[in-house]
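Trainee: Here you go, coords.txt (compact mmCIF, C-alpha atoms):
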# COMPACT_ATOMS: atom_id res chain seq x y z
CA MET A 1 -12.79 24.65 13.49
CA SER A 2 -11.70 25.27 17.07
CA ALA A 3 -9.10 27.73 18.31
CA THR A 4 -6.98 24.73 19.27
CA PHE A 5 -6.99 23.46 15.70
CA ASP A 6 -6.09 26.90 14.34
CA THR A 7 -3.15 27.11 16.74
CA ILE A 8 -1.87 23.65 15.76
CA LYS A 9 -2.21 24.54 12.06
CA GLN A 10 -0.28 27.79 12.48
CA ARG A 11 2.52 26.07 14.41
CA ASN A 12 2.76 23.40 11.72
CA GLU A 13 3.01 25.91 8.89
CA LYS A 14 5.76 27.79 10.72
CA VAL A 15 8.16 24.87 11.20
CA ILE A 16 7.22 22.00 8.83
CA MET A 17 7.73 21.93 5.05
CA GLN A 18 4.34 22.16 3.37
CA THR A 19 4.39 19.02 1.26
CA TYR A 20 0.92 17.79 2.29
CA GLY A 21 -2.57 19.11 1.74
CA ARG A 22 -3.51 18.10 5.26
CA TYR A 23 -7.03 17.25 6.41
CA PRO A 24 -8.71 19.86 8.65
CA LEU A 25 -8.11 17.61 11.63
CA ALA A 26 -5.53 17.60 14.43
CA LEU A 27 -5.34 14.28 16.25
CA THR A 28 -4.26 13.62 19.79
CA ARG A 29 -4.81 9.87 20.25
CA ALA A 30 -6.14 6.72 18.62
CA LYS A 31 -7.41 3.32 19.70
CA GLY A 32 -8.57 0.40 17.57
CA ALA A 33 -10.56 1.92 14.70
CA ARG A 34 -11.12 5.25 16.46
CA LEU A 35 -9.33 8.60 16.18
CA TYR A 36 -9.75 11.52 18.58
CA ASP A 37 -9.04 15.19 17.93
CA PHE A 38 -7.93 17.88 20.38
CA ASP A 39 -11.55 18.74 21.15
CA GLY A 40 -12.33 15.15 22.06
CA LYS A 41 -14.42 14.39 18.97
CA GLU A 42 -14.39 10.73 17.92
CA TYR A 43 -13.93 9.56 14.33
CA VAL A 44 -14.27 6.15 12.72
CA ASP A 45 -10.96 5.52 10.98
CA LEU A 46 -11.54 4.05 7.52
CA LEU A 47 -8.06 5.00 6.31
CA ALA A 48 -5.76 3.31 8.88
CA GLY A 49 -2.86 5.65 8.18
CA ILE A 50 -3.20 4.89 4.43
CA ALA A 51 -3.39 1.09 4.80
CA VAL A 52 -0.70 1.04 7.50
CA CYS A 53 -2.42 0.19 10.79
CA GLY A 54 -3.97 -3.07 9.64
CA LEU A 55 -4.41 -4.28 13.22
CA GLY A 56 -5.86 -0.95 14.34
CA HIS A 57 -4.24 1.65 16.56
CA CYS A 58 -2.34 1.04 19.78
CA ARG A 59 -2.58 -2.75 19.98
CA PRO A 60 -1.40 -3.72 23.49
CA GLU A 61 0.44 -6.80 22.18
CA LEU A 62 2.47 -4.68 19.78
CA ALA A 63 3.24 -2.07 22.44
CA LYS A 64 4.48 -4.89 24.70
CA ALA A 65 6.63 -6.42 21.94
CA MET A 66 8.07 -2.97 21.18
CA ALA A 67 8.89 -2.22 24.81
CA GLU A 68 10.42 -5.62 25.53
CA GLN A 69 12.65 -5.50 22.46
CA ALA A 70 13.64 -1.89 23.18
CA GLY A 71 15.02 -3.13 26.49
CA LYS A 72 17.15 -5.78 24.74
CA LEU A 73 18.44 -4.54 21.38
CA VAL A 74 17.28 -1.55 19.33
CA HIS A 75 19.92 -0.94 16.67
CA VAL A 76 23.32 -2.38 15.85
CA SER A 77 23.18 -2.14 12.01
CA ASN A 78 23.16 -4.92 9.45
CA LEU A 79 26.84 -5.61 9.97
CA PHE A 80 25.71 -8.14 12.60
CA TYR A 81 23.48 -11.23 12.61
CA GLN A 82 20.22 -10.58 14.49
CA GLU A 83 17.85 -13.38 15.42
CA GLU A 84 14.81 -11.07 15.47
CA GLN A 85 15.39 -10.28 11.79
CA ILE A 86 15.83 -13.95 10.89
CA VAL A 87 12.63 -14.97 12.72
CA LEU A 88 10.67 -12.28 10.88
CA ALA A 89 12.12 -13.34 7.53
CA GLU A 90 11.16 -16.96 8.19
CA LYS A 91 7.59 -15.98 9.10
CA LEU A 92 7.25 -13.65 6.12
CA LEU A 93 8.57 -16.20 3.65
CA SER A 94 6.17 -18.82 5.02
CA THR A 95 3.30 -16.71 3.63
CA CYS A 96 4.48 -16.72 0.00
CA GLN A 97 6.58 -18.36 -2.70
CA ALA A 98 9.59 -16.07 -2.33
CA ASP A 99 12.90 -17.36 -0.96
CA LYS A 100 14.87 -14.34 0.21
CA VAL A 101 14.12 -11.00 1.92
CA PHE A 102 15.84 -7.62 2.08
CA PHE A 103 14.51 -5.34 4.85
CA CYS A 104 14.37 -1.57 4.46
CA ASN A 105 12.45 1.43 5.79
CA SER A 106 9.60 2.35 3.43
CA GLY A 107 7.60 1.42 0.38
CA ALA A 108 9.52 3.77 -1.88
CA GLU A 109 12.80 2.29 -0.68
CA ALA A 110 11.46 -1.23 -1.21
CA ASN A 111 10.43 -0.40 -4.78
CA GLU A 112 13.76 1.29 -5.41
CA GLY A 113 15.46 -1.88 -4.18
CA ALA A 114 13.29 -4.01 -6.46
CA ILE A 115 14.26 -1.90 -9.48
CA LYS A 116 17.95 -2.15 -8.60
CA LEU A 117 17.71 -5.90 -8.08
CA ALA A 118 15.98 -6.45 -11.43
CA ARG A 119 18.57 -4.44 -13.32
CA ARG A 120 21.56 -5.96 -11.55
CA TYR A 121 20.25 -9.49 -11.98
CA MET A 122 19.91 -8.88 -15.70
CA ALA A 123 23.39 -7.37 -15.91
CA LYS A 124 25.42 -9.67 -13.67
CA VAL A 125 23.58 -12.98 -13.69
CA ARG A 126 22.01 -13.14 -17.13
CA GLY A 127 24.62 -10.98 -18.83
CA SER A 128 21.82 -9.03 -20.53
CA ALA A 129 21.82 -5.38 -21.56
CA ALA A 130 18.11 -5.07 -20.68
CA ARG A 131 17.52 -2.21 -18.22
CA ASP A 132 14.07 -0.74 -18.94
CA ILE A 133 11.26 -1.00 -16.38
CA LEU A 134 7.71 -0.89 -17.78
CA THR A 135 4.82 0.30 -15.58
CA LEU A 136 1.10 0.93 -16.07
CA GLU A 137 -0.57 4.32 -16.36
CA GLY A 138 -2.21 5.32 -13.10
CA SER A 139 0.39 3.50 -11.02
CA PHE A 140 2.05 4.86 -7.91
CA HIS A 141 5.41 3.44 -6.81
CA GLY A 142 6.92 6.10 -4.55
CA ARG A 143 8.55 9.51 -4.24
CA THR A 144 12.26 8.88 -4.74
CA LEU A 145 13.58 10.01 -8.12
CA ALA A 146 13.49 6.48 -9.53
CA THR A 147 10.12 5.49 -8.10
CA LEU A 148 8.37 8.73 -9.03
CA THR A 149 9.70 8.21 -12.56
CA ALA A 150 8.27 4.69 -12.49
CA THR A 151 4.98 6.18 -11.29
CA ALA A 152 2.95 6.66 -14.46
CA GLN A 153 0.96 9.72 -13.43
CA THR A 154 1.01 13.34 -14.48
CA GLY A 155 0.74 16.39 -12.24
CA LYS A 156 2.77 17.68 -9.34
CA ILE A 157 4.45 14.37 -8.54
CA LYS A 158 7.05 14.92 -11.32
CA ASP A 159 6.76 18.65 -11.88
CA GLY A 160 10.05 20.45 -11.27
CA PHE A 161 12.14 17.36 -10.56
CA GLU A 162 13.61 16.99 -14.03
CA PRO A 163 15.89 15.60 -15.31
CA LEU A 164 14.38 12.29 -14.28
CA PRO A 165 16.28 8.98 -14.47
CA GLY A 166 16.15 7.11 -17.74
CA GLY A 167 15.08 3.55 -18.34
CA PHE A 168 11.39 3.83 -17.45
CA ARG A 169 8.42 3.60 -19.80
CA SER A 170 4.69 3.26 -19.24
CA VAL A 171 1.78 1.71 -21.11
CA PRO A 172 -1.97 2.30 -20.78
CA PHE A 173 -3.64 0.59 -17.82
CA ALA A 174 -4.55 -3.06 -18.50
CA ASP A 175 -3.89 -2.76 -22.25
CA ALA A 176 -2.36 -6.10 -23.26
CA CYS A 177 -1.79 -5.04 -26.87
CA ALA A 178 0.08 -1.91 -25.80
CA LEU A 179 2.18 -3.95 -23.37
CA ARG A 180 3.15 -6.45 -26.05
CA ALA A 181 4.11 -3.60 -28.39
CA ALA A 182 6.23 -1.97 -25.67
CA VAL A 183 8.23 -5.05 -24.62
CA ASN A 184 11.53 -5.40 -26.44
CA GLU A 185 15.10 -6.60 -25.93
CA ASN A 186 15.73 -3.71 -23.52
CA THR A 187 12.90 -4.69 -21.16
CA ALA A 188 14.31 -5.89 -17.83
CA ALA A 189 11.02 -6.00 -15.91
CA VAL A 190 7.36 -5.12 -15.86
CA MET A 191 6.25 -3.60 -12.55
CA VAL A 192 2.57 -3.65 -11.57
CA GLU A 193 0.19 -3.15 -8.66
CA THR A 194 -2.46 -5.87 -8.88
CA VAL A 195 -4.82 -3.29 -7.41
CA GLN A 196 -3.89 0.33 -8.07
CA GLY A 197 -4.42 2.32 -4.89
CA GLU A 198 -3.57 5.94 -5.69
CA GLY A 199 -4.83 5.14 -9.17
CA GLY A 200 -8.40 4.87 -7.86
CA VAL A 201 -8.69 1.34 -6.36
CA ARG A 202 -8.49 -0.39 -9.76
CA PRO A 203 -7.93 -4.17 -9.72
CA LEU A 204 -6.18 -5.53 -12.79
CA PRO A 205 -8.57 -7.46 -15.06
CA PRO A 206 -7.75 -11.21 -14.93
CA GLU A 207 -7.49 -11.37 -18.72
CA PHE A 208 -4.76 -8.72 -18.68
CA VAL A 209 -2.82 -10.64 -16.05
CA ASP A 210 -3.11 -13.80 -18.14
CA ALA A 211 -1.68 -11.91 -21.12
CA LEU A 212 1.10 -10.44 -18.95
CA LEU A 213 2.12 -13.86 -17.64
CA ALA A 214 2.07 -15.37 -21.13
CA LEU A 215 4.26 -12.54 -22.41
CA ARG A 216 6.69 -13.04 -19.52
CA ARG A 217 7.06 -16.72 -20.43
CA GLU A 218 7.66 -15.77 -24.05
CA LYS A 219 10.05 -12.84 -23.59
CA GLY A 220 11.80 -13.66 -20.31
CA PHE A 221 11.53 -10.29 -18.55
CA LEU A 222 11.13 -10.19 -14.76
CA LEU A 223 7.82 -9.47 -13.06
CA ILE A 224 7.84 -7.09 -10.09
CA VAL A 225 4.64 -6.79 -8.06
CA ASP A 226 4.27 -3.71 -5.86
CA GLU A 227 2.44 -4.96 -2.74
CA VAL A 228 3.28 -1.90 -0.63
CA GLN A 229 -0.40 -1.06 -0.15
CA THR A 230 -2.08 -4.34 -1.11
CA GLY A 231 0.00 -6.73 0.98
CA MET A 232 -0.43 -8.08 4.51
CA GLY A 233 -4.02 -9.26 4.08
CA ARG A 234 -5.47 -6.01 2.79
CA THR A 235 -7.27 -7.57 -0.20
CA GLY A 236 -8.53 -10.74 1.48
CA ARG A 237 -5.44 -12.75 0.59
CA PHE A 238 -2.12 -12.38 2.39
CA TRP A 239 -0.72 -11.06 -0.89
CA ALA A 240 -2.89 -9.55 -3.61
CA HIS A 241 -0.99 -11.39 -6.34
CA GLU A 242 -2.48 -14.62 -4.95
CA HIS A 243 -5.86 -13.60 -6.41
CA TYR A 244 -4.30 -13.95 -9.86
CA GLY A 245 -2.14 -17.03 -9.43
CA ILE A 246 1.02 -14.96 -9.94
CA THR A 247 4.45 -16.05 -8.73
CA PRO A 248 6.45 -12.80 -8.89
CA ASP A 249 10.17 -12.75 -9.46
CA ILE A 250 10.30 -9.83 -7.03
CA PHE A 251 7.65 -8.20 -4.88
CA THR A 252 7.62 -5.46 -2.28
CA VAL A 253 5.80 -4.73 0.96
CA ALA A 254 5.83 -1.90 3.49
CA LYS A 255 2.84 0.00 4.91
CA ALA A 256 1.18 -2.63 7.15
CA LEU A 257 4.28 -4.73 7.79
CA ALA A 258 5.01 -3.22 11.22
CA ASN A 259 1.59 -1.63 11.84
CA GLY A 260 2.80 1.95 11.92
CA LEU A 261 6.53 1.63 12.40
CA PRO A 262 8.62 2.47 9.30
CA MET A 263 9.50 -0.82 7.66
CA GLY A 264 9.57 -2.24 4.14
CA ALA A 265 10.90 -5.33 2.42
CA VAL A 266 11.92 -6.67 -0.97
CA LEU A 267 11.15 -10.36 -1.51
CA ALA A 268 12.55 -12.41 -4.37
CA THR A 269 13.18 -15.91 -5.64
CA ASP A 270 16.54 -17.53 -4.91
CA GLU A 271 17.44 -17.14 -8.57
CA VAL A 272 16.77 -13.41 -8.81
CA ALA A 273 18.26 -12.73 -5.35
CA ARG A 274 21.60 -13.71 -6.91
CA GLY A 275 21.60 -10.20 -8.36
CA PHE A 276 22.62 -8.77 -4.98
CA GLU A 277 26.01 -9.46 -3.42
CA PRO A 278 27.74 -7.90 -0.40
CA GLY A 279 28.32 -4.23 -1.10
CA THR A 280 25.76 -3.89 -3.92
CA HIS A 281 22.80 -2.74 -1.81
CA ALA A 282 22.34 -1.72 1.81
CA THR A 283 20.40 0.24 4.40
CA THR A 284 21.41 1.53 7.82
CA PHE A 285 18.17 1.03 9.74
CA GLY A 286 16.35 -1.73 7.81
CA GLY A 287 15.21 -4.73 9.83
CA GLY A 288 16.38 -3.48 13.22
CA GLY A 289 15.47 -5.35 16.39
CA VAL A 290 12.42 -3.36 17.46
CA LEU A 291 10.91 -3.22 13.99
CA SER A 292 11.49 -6.92 13.38
CA ALA A 293 10.00 -7.92 16.72
CA VAL A 294 6.87 -5.84 16.11
CA ALA A 295 6.42 -7.03 12.51
CA SER A 296 6.86 -10.62 13.67
CA LYS A 297 4.08 -10.09 16.23
CA VAL A 298 1.89 -8.56 13.51
CA ILE A 299 2.08 -11.79 11.48
CA ASP A 300 1.32 -13.85 14.59
CA ILE A 301 -1.81 -11.82 15.36
CA MET A 302 -3.00 -11.93 11.77
CA ARG A 303 -2.82 -15.71 11.84
CA GLU A 304 -4.32 -16.15 15.29
CA GLU A 305 -7.28 -13.90 14.55
CA ARG A 306 -7.68 -15.04 10.92
CA LEU A 307 -7.66 -11.42 9.79
CA VAL A 308 -6.97 -12.25 6.15
CA GLU A 309 -10.12 -14.34 5.98
CA ARG A 310 -11.98 -11.63 7.88
CA ALA A 311 -10.91 -9.00 5.34
CA ALA A 312 -12.25 -11.16 2.53
CA GLU A 313 -15.60 -11.69 4.27
CA LEU A 314 -16.05 -8.05 5.29
CA GLY A 315 -15.01 -6.82 1.87
CA GLU A 316 -17.58 -9.02 0.16
CA PHE A 317 -20.22 -7.80 2.62
CA PHE A 318 -19.31 -4.15 2.04
CA LEU A 319 -19.32 -4.43 -1.75
CA ASP A 320 -22.77 -6.03 -1.61
CA GLU A 321 -24.16 -3.32 0.65
CA ALA A 322 -22.43 -0.55 -1.32
CA GLY A 323 -23.93 -2.01 -4.50
CA LYS A 324 -27.38 -1.50 -2.98
CA LEU A 325 -26.42 2.08 -2.19
CA GLN A 326 -25.29 2.57 -5.78
CA ALA A 327 -28.66 1.32 -7.00
CA ARG A 328 -30.41 3.94 -4.83
CA HIS A 329 -28.11 6.70 -6.09
CA SER A 330 -27.33 5.56 -9.63
CA ASP A 331 -27.03 9.17 -10.76
CA LYS A 332 -24.37 9.91 -8.14
CA ILE A 333 -22.34 6.67 -7.84
CA ILE A 334 -20.70 5.35 -11.01
CA HIS A 335 -18.88 2.32 -9.67
CA VAL A 336 -18.21 0.33 -6.51
CA ARG A 337 -15.07 -1.82 -6.62
CA GLY A 338 -12.21 -3.35 -4.69
CA LEU A 339 -10.83 -6.50 -3.13
CA GLY A 340 -11.08 -7.35 0.56
CA LEU A 341 -10.82 -4.17 2.60
CA MET A 342 -9.26 -2.13 -0.20
CA LEU A 343 -12.42 -0.43 -1.42
CA GLY A 344 -13.43 2.38 -3.76
CA ILE A 345 -16.68 4.21 -4.41
CA GLU A 346 -16.45 6.26 -7.60
CA LEU A 347 -18.74 9.28 -7.68
CA ALA A 348 -20.23 10.85 -10.79
CA GLU A 349 -19.01 14.32 -9.79
CA PRO A 350 -15.93 15.62 -7.97
CA GLY A 351 -16.32 14.37 -4.41
CA GLN A 352 -14.64 16.98 -2.20
CA ALA A 353 -17.96 18.13 -0.69
CA VAL A 354 -19.06 14.55 -0.04
CA TRP A 355 -15.70 13.67 1.52
CA ARG A 356 -15.86 16.74 3.77
CA ALA A 357 -19.42 15.95 4.82
CA LEU A 358 -18.31 12.44 5.79
CA LEU A 359 -15.47 13.91 7.84
CA ASP A 360 -17.88 16.27 9.60
CA ALA A 361 -20.08 13.24 10.33
CA GLY A 362 -17.13 11.49 11.98
CA PHE A 363 -15.82 9.21 9.20
CA VAL A 364 -12.22 9.45 7.98
CA CYS A 365 -11.62 8.14 4.46
CA ASN A 366 -9.58 9.28 1.48
CA LEU A 367 -10.50 10.97 -1.79
CA THR A 368 -8.34 10.01 -4.76
CA HIS A 369 -8.61 11.07 -8.40
CA GLU A 370 -11.10 13.73 -7.22
CA ARG A 371 -14.03 11.28 -7.44
CA VAL A 372 -13.09 8.04 -5.71
CA LEU A 373 -13.79 7.60 -2.01
CA ARG A 374 -11.03 5.20 -0.97
CA LEU A 375 -11.51 3.05 2.12
CA LEU A 376 -8.57 1.23 3.73
CA PRO A 377 -9.87 0.46 7.23
CA PRO A 378 -8.11 -1.66 9.84
CA LEU A 379 -8.63 -5.37 9.17
CA THR A 380 -10.19 -5.41 12.65
CA ILE A 381 -12.93 -2.90 11.72
CA ALA A 382 -16.40 -3.76 13.03
CA ARG A 383 -19.13 -4.57 10.52
CA GLU A 384 -21.29 -1.99 12.31
CA ASP A 385 -18.75 0.73 11.51
CA LEU A 386 -18.93 -0.09 7.80
CA MET A 387 -22.73 0.00 7.91
CA ALA A 388 -22.66 3.33 9.76
CA PHE A 389 -20.41 4.77 7.04
CA LEU A 390 -22.78 3.63 4.29
CA ALA A 391 -25.76 5.06 6.17
CA ALA A 392 -23.97 8.40 6.51
CA LEU A 393 -23.03 8.39 2.82
CA ASP A 394 -26.63 7.52 1.92
CA GLY A 395 -27.89 10.55 3.82
CA ILE A 396 -25.26 12.87 2.35
CA LEU A 397 -26.04 11.81 -1.22
CA ALA A 398 -29.78 12.13 -0.60
CA ARG A 399 -29.27 15.74 0.47
CA SER A 400 -26.86 16.70 -2.29
Go ahead and render the structure in this file as structure tokens.
Mentor:
Amino acid sequence: MSATFDTIKQRNEKVIMQTYGRYPLALTRAKGARLYDFDGKEYVDLLAGIAVCGLGHCRPELAKAMAEQAGKLVHVSNLFYQEEQIVLAEKLLSTCQADKVFFCNSGAEANEGAIKLARRYMAKVRGSAARDILTLEGSFHGRTLATLTATAQTGKIKDGFEPLPGGFRSVPFADACALRAAVNENTAAVMVETVQGEGGVRPLPPEFVDALLALRREKGFLLIVDEVQTGMGRTGRFWAHEHYGITPDIFTVAKALANGLPMGAVLATDEVARGFEPGTHATTFGGGGVLSAVASKVIDIMREERLVERAAELGEFFLDEAGKLQARHSDKIIHVRGLGLMLGIELAEPGQAVWRALLDAGFVCNLTHERVLRLLPPLTIAREDLMAFLAALDGILARS
């Protein structure tokens, strides 16, 4: 590590709360699928700000949209009608089967809003006493008190934050029998990620989804799909729930919506959206002019460049090539999985050394659950960059 990095690290530790185990990397600029540190070293970005910069870094079209809107209208609050927000809502709704949108600032806030909407719809529209939200083990839904309670993981995420809010229960991942046993008259909604991200890039088995949908028809609970990480083309469909033929009552999006600007949204059917009325839910900054203009441009670019289809094609290519790598290192790679450009390579042993060797070789990815190399590259990533990553991983595993 350079003296420059050490200085940056020391300054950070002096003034910023230490809530992150940061990578040994201090960045100064980014472009496309490339990151650059203070010493000028170039890295291939296979993380995209944790599935945020789906169009890559510093897209000129987005910078132009941001600057032009900043010269017109930045923030006036949601007390006023704003055409930029309406245009974005229309474009977003044209991609799915939802009818109404609520804009907010983050994935956690979107999931919090989804939970509130489900409970209030049950209380005020259906006149039901059902309030419980069921989630799956291994899920990750956010860091607010409600969403970390909904997150069915152990460890530091909940440690020391008790007492946690009531009304949340979890069942084992993809266990249809356990889900059926858990659903009762108090169940307001089941909340799922169709591909668990922090949970190790685990797609839901289709047979579990079939059982979930059948149970919803039978019992009448709401279905919330957390698309914070999987949405906006990440999995090779605009929304990951499309892979399963799901029509959610409510679903959420954030990360890639504004390609790096803080924006989230709750989408719902007209029926369920009746749960919110003026004064029941709000946000100061959500859906402001600049954010809406940029997110609107994101959708335009995705359509013009057919990036959803590209993610599907590249993901299929990567999984095929990674499968060949697994065959060569069957003692070191347990599983290769994912959808589109949401990809995981599960190692047989804890992967910290492998992850660090990849970083040293100039490839930025994520390590989750100690063994899963998680790749969430920009949807614009070059095929050659994916091949270079696999070649580097091949060499590292051969030497280990």
Trainee: Please, what distance in Å, to one decimal, runs between atom CA of Lys31 of chain A and atom CA of Val290 of chain A?
Mentor: 21.0 Å
Trainee: Just checking: using all atoms listed in the file, which residue out of A:Gly344, A:Pro206, A:Gly220, A:Pro262 ends up closest to Ile246 of chain A?
Mentor: A:Pro206
Trainee: Which residue is closest to Gly113 of chain A? Choose from A:Arg217, A:Arg180, A:Arg131, A:His281 and count all atoms listed in the file.
Mentor: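 Under the stated criterion, the closest residue is A:His281.
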Trainee: Please enclose the listed atoms of segment 213-216 of chain A in an axis-aligned box, pad each side by 4 Å, and write out the centre and the three edge lengths in Å, rounded to one decimal, as AutoDock Vina command-line options.
Mentor:
--center_x 4.4 --center_y -14.0 --center_z -20.0 --size_x 12.6 --size_y 10.8 --size_z 12.8
Trainee: Have a look at atom CA of Ile157 of chain A and atom CA of Asp226 of chain A and let me know their distance in Å, one decimal.
Mentor: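 Going from atom CA of Ile157 of chain A over to atom CA of Asp226 of chain A, I get 18.3 Å.
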Trainee: Counting all atoms listed in the file, which of A:Thr144, A:Thr135, A:Thr283, A:Ser296 gets nearest to Val225 of chain A?
Mentor: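 The closest residue to Val225 of chain A is A:Thr135.
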Trainee: Can you work out the spacing between atom CA of Met387 of chain A and atom CA of Glu227 of chain A in Å, to one decimal?
Mentor: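 Atom-to-atom, atom CA of Met387 of chain A and atom CA of Glu227 of chain A are spaced 27.8 Å apart.
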Trainee: Which residues of segment 307-326 of chain A come within 12 Å of segment 391-394 of chain A, and what is each one's closest atom pair and distance in Å (one decimal), counting only C-alpha atoms, sorted by chain and residue number, as a tab-separated table?
Mentor:
residue	atom	partner	partner_atom	distance
A:Phe318	CA	A:Ala391	CA	12.0
A:Glu321	CA	A:Ala391	CA	10.2
A:Ala322	CA	A:Asp394	CA	9.7
A:Gly323	CA	A:Asp394	CA	11.8
A:Lys324	CA	A:Asp394	CA	10.3
A:Leu325	CA	A:Asp394	CA	6.8
A:Gln326	CA	A:Asp394	CA	9.3
Trainee: Got time to write the residues from that selection, C-alpha atoms, as a short mmCIF file (atom, residue, chain, number, x, y, z; two decimals), in the coordinates of the input?
Mentor:
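Everything below was put into again_15.cif:
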data_model
loop_
_atom_site.label_atom_id
_atom_site.label_comp_id
_atom_site.auth_asym_id
_atom_site.auth_seq_id
_atom_site.Cartn_x
_atom_site.Cartn_y
_atom_site.Cartn_z
CA PHE A 318 -19.31 -4.15 2.04
CA GLU A 321 -24.16 -3.32 0.65
CA ALA A 322 -22.43 -0.55 -1.32
CA GLY A 323 -23.93 -2.01 -4.50
CA LYS A 324 -27.38 -1.50 -2.98
CA LEU A 325 -26.42 2.08 -2.19
CA GLN A 326 -25.29 2.57 -5.78
#
